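Input: a single structure, listed below in structure tokens.
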Amino acid sequence: MSTMKISVQRPRLYIETYGCQMNIADSEVVAGILRQQGYDLTHELEKADLVLINTCSVRDNAEQRIWGRLDYFRAIKRKKRFLLVGVIGCMAERLGEELAAHEAVDIVAGPDSYRDLPLLLDRARSGAKGINVDLNDIETYSGINPERIDEKTISGFVSIMRGCNNFCTYCIVPYTRGRERSRDPQDIIHEMEHMAANGFYEITLLGQNVNSYSWKNGLQTIAFPQLLEMLAQEFPQLRLRFTTSHPKDISNDLLHVIARYPNVCKHIHLPVQSGSNIVLERMNRKYTREYYLERVAAIRSIIPDCSLTTDLFCGFCGETEEDFQQTLSLMEEVKFDAAYMFKYSERSGTYAAKKLRDDVPENIKIERLNRMIALQNKISKALNQVEIGKTFEVLVEGHSKKSKNDVVGRTSQNKVVVFPDKGFSSGQLVLVKIIKATSATLIGEATV
Ligand code: 5AD
Ligand code: SF4
């Protein structure tokens, strides 16, 4: 009698991540949790037993894309009956039952319920839908070992705080990610040690408002400047970045720490949203145009080689042409190196959706957005032209997508530099002289 060999295949997880960098870090936490349940990551959808879609709710078009994706998975599931599909992240939190009603969806888990995923999976395997969208004011996923999804990258993320208490009137995040909470510094150090030992050369510290980080240690409070200083000293071999910062918390203390440590990158992402005081007040941003400009002046005086990027959006409730002109004039005045630009998208449940009128017509929103983008492209291009002839230390990330003969990396200021490969490896720091520039990329030559 012949014996049959039964090989037990470990189940495979395929994760799609949409939205912000925070979601990339969260997907890695989720992969870490499911690894403990026996799931291996796969990058091939056809091989997956479980698909998770990590979603964003900040603007409506991000959500529309996910609905489209779910229709696609419904078609796949008709052929692959064993496949389980879960929606996680902000959209899961915001829409809960509505998402669960979609034929393709087996699991719905909000940003604070990832530890519950094994249970939700059990429920889904038994044919029911697994839903958990409870928020939790203390969850920071301490003790979870995130599993890296993009194995080739030398640049990773570590979330240091979660949630947001600011309640900007347009923003859904305080409702989908709950209250602000910071992670134990020891836990952060532990995760970074692991990353440093596993091929990472650059780490971006993440949070909705990283600079309002606060950890109480007995009588002592560790705020963001102290945390950053601690990490800069502990990991001199790593480049450190952080995002996103709120203008209200960009203190001189923090600027001095950035200036003092060569391994802290000279780049600040400081969303301004609008240049009009009336609009800023309606947004509940808690600062004025003048305050913001004063902070920009402080950045430039304390860290002269610092680059500055921002988020801006046009067409918020009641925004007049004059208000919009104020945004354009602020852009001209500050000269951001780069900006993420959007048009206002009403999110139900926010203060703006309840109390303000979304009264800027769609065609005007689009027209303003185009003007904003054109201006920023002009500014970015002019600023990049100024870099021609200068030499920067570039951290090599890998080969350029466009040419195998070139490598791509970033300066401390976060500018992308492409230059001919002379046998460089990922993670190497190379001195590069800039010879050409577009609005988005610097082109250079290694000086060695
Ligand atoms: N509509 C358009 N843009 C928004 N943002 C946040 N909420 C909205 C909204 N309702 C933008 C802000 C924020 C970035 C992450 O997204 O500029 O900084
Ligand atoms: Fe949203 Fe404002 Fe919080 Fe940023 S600071 S996540 S824009 S509420």
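Residue numbering restarts at 1 in every chain; chains get A, B, ... in the order shown in the structure tokens, and ligands count up from 1 in that same order.
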Please identify all protein, DNA and RNA residues within 10 Å of ligand 2, counting only C-alpha atoms and all ligand atoms, and report them as a ChimeraX atom specification. /A:58,162-180,207-209,244-248,271-273,283-286,311,350
Members of range 53-169 of chain A assigned alpha helix (DSSP H) by DSSP, as an MDAnalysis selection string: chainID A and resid 60:79 90:100 117:125
Using backbone DSSP assignments, extract all strand (DSSP E) residues from range 19-241 of chain A; output them as a PyMOL selection string. chain A and resi 40-41+50-55+84-89+107-109+130-132+155-159+161-162+181-182+202-206+214-217+220-223+239-241
Shell around Arg78 in chain A at 12 Å using only C-alpha atoms, local window under 6 positions removed, as a ChimeraX atom specification: /A:71-72,84,103-104
Can you pull out every residue within 8 Å of Gly89 in chain A, counting only C-alpha atoms, but drop anything in the same chain fewer than 4 positions away, and send it as a count of residues only? 8
Residue neighbourhood range 384-387 of chain A, 12 Å, only C-alpha atoms, exclusion window fewer than 2 positions, as a ChimeraX atom specification: /A:305,307,335-338,376-382,389-392,411,413,415-417,432-444
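Distance annotation: of A:Leu83, A:Leu227, A:Ile66, A:Val418, the residue with the minimal separation from Pro11 in chain A is A:Leu83; atom set is only C-alpha atoms.
Taking only C-alpha atoms, the non-local environment of Cys265 in chain A within 7 Å (same-chain residues fewer than 5 positions away omitted) comprises Arg239, Leu240, Arg241, Ser412 and Gln413 of chain A.
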Tell me, as a PDB file with N, CA, C and O atoms, in the first residue's frame, which residues lie within 7 Å of range 136-152 of chain A, counting only C-alpha atoms; anything in the same chain fewer than 5 positions away does not count.
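Below is the file part-v9.pdb, written as the result:
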ATOM      1  N   GLU A  28       1.458  46.729   8.059  1.00  0.00           N
ATOM      2  CA  GLU A  28       2.557  45.900   8.560  1.00  0.00           C
ATOM      3  C   GLU A  28       2.240  45.326   9.953  1.00  0.00           C
ATOM      4  O   GLU A  28       2.609  44.197  10.260  1.00  0.00           O
ATOM      5  N   VAL A  29       1.520  46.110  10.747  1.00  0.00           N
ATOM      6  CA  VAL A  29       1.070  45.604  12.051  1.00  0.00           C
ATOM      7  C   VAL A  29       0.088  44.445  11.829  1.00  0.00           C
ATOM      8  O   VAL A  29       0.190  43.384  12.465  1.00  0.00           O
ATOM      9  N   ALA A  31      -0.153  42.501   9.211  1.00  0.00           N
ATOM     10  CA  ALA A  31       0.577  41.331   8.694  1.00  0.00           C
ATOM     11  C   ALA A  31       1.299  40.624   9.844  1.00  0.00           C
ATOM     12  O   ALA A  31       1.370  39.393   9.871  1.00  0.00           O
ATOM     13  N   GLY A  32       1.799  41.407  10.809  1.00  0.00           N
ATOM     14  CA  GLY A  32       2.464  40.833  11.991  1.00  0.00           C
ATOM     15  C   GLY A  32       1.486  40.031  12.836  1.00  0.00           C
ATOM     16  O   GLY A  32       1.798  38.927  13.303  1.00  0.00           O
ATOM     17  N   ILE A  33       0.279  40.570  13.030  1.00  0.00           N
ATOM     18  CA  ILE A  33      -0.741  39.865  13.829  1.00  0.00           C
ATOM     19  C   ILE A  33      -1.137  38.559  13.132  1.00  0.00           C
ATOM     20  O   ILE A  33      -1.257  37.500  13.765  1.00  0.00           O
ATOM     21  N   ASP A 112      -8.626  50.404  15.300  1.00  0.00           N
ATOM     22  CA  ASP A 112      -8.249  49.968  16.648  1.00  0.00           C
ATOM     23  C   ASP A 112      -8.628  48.512  16.927  1.00  0.00           C
ATOM     24  O   ASP A 112      -8.504  48.044  18.053  1.00  0.00           O
ATOM     25  N   ARG A 162      -1.029  57.593  17.689  1.00  0.00           N
ATOM     26  CA  ARG A 162      -2.211  57.341  16.855  1.00  0.00           C
ATOM     27  C   ARG A 162      -3.303  58.324  17.222  1.00  0.00           C
ATOM     28  O   ARG A 162      -3.321  58.861  18.322  1.00  0.00           O
ATOM     29  N   GLY A 178     -10.044  58.004  16.176  1.00  0.00           N
ATOM     30  CA  GLY A 178     -10.201  58.200  17.614  1.00  0.00           C
ATOM     31  C   GLY A 178      -9.199  59.167  18.227  1.00  0.00           C
ATOM     32  O   GLY A 178      -8.500  59.901  17.523  1.00  0.00           O
ATOM     33  N   ARG A 179      -9.128  59.113  19.563  1.00  0.00           N
ATOM     34  CA  ARG A 179      -8.331  60.092  20.312  1.00  0.00           C
ATOM     35  C   ARG A 179      -6.832  59.822  20.208  1.00  0.00           C
ATOM     36  O   ARG A 179      -6.388  58.688  20.046  1.00  0.00           O
ATOM     37  N   ARG A 181      -3.121  59.213  21.168  1.00  0.00           N
ATOM     38  CA  ARG A 181      -2.411  58.451  22.205  1.00  0.00           C
ATOM     39  C   ARG A 181      -1.003  58.150  21.707  1.00  0.00           C
ATOM     40  O   ARG A 181      -0.805  57.932  20.505  1.00  0.00           O
ATOM     41  N   ARG A 183       2.906  56.260  22.002  1.00  0.00           N
ATOM     42  CA  ARG A 183       3.460  54.936  22.259  1.00  0.00           C
ATOM     43  C   ARG A 183       4.655  55.029  23.204  1.00  0.00           C
ATOM     44  O   ARG A 183       5.399  56.005  23.170  1.00  0.00           O
ATOM     45  N   ASP A 187       9.180  50.898  23.524  1.00  0.00           N
ATOM     46  CA  ASP A 187       8.568  50.088  22.472  1.00  0.00           C
ATOM     47  C   ASP A 187       9.023  50.571  21.086  1.00  0.00           C
ATOM     48  O   ASP A 187       9.313  49.775  20.183  1.00  0.00           O
TER      49      ASP A 187
END
Which one of A:Thr204, A:Asn405, A:Thr221, A:Ser301 sits closest to Ala259 in chain A if you count only C-alpha atoms? A:Ser301
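Residue nearest Glu333 in chain A, chosen from A:Gly275, A:His190, A:Arg347, A:Cys314 and counting only C-alpha atoms: A:Gly275.
Using only C-alpha atoms and all ligand atoms, the nearest neighbour of ligand 1 within the list A:Lys47, A:Arg115, A:His269, A:Lys343 is A:Lys343.
Reported to one decimal place, the separation of CA of His102 in chain A from CA of Asn132 in chain A is 15.8 Å.
Of the residues under consideration (A:Met341, A:Val85, A:Ala25, A:Leu120), A:Ala25 shows the shortest atom-to-atom contact distance to Ser159 in chain A when counting only C-alpha atoms.
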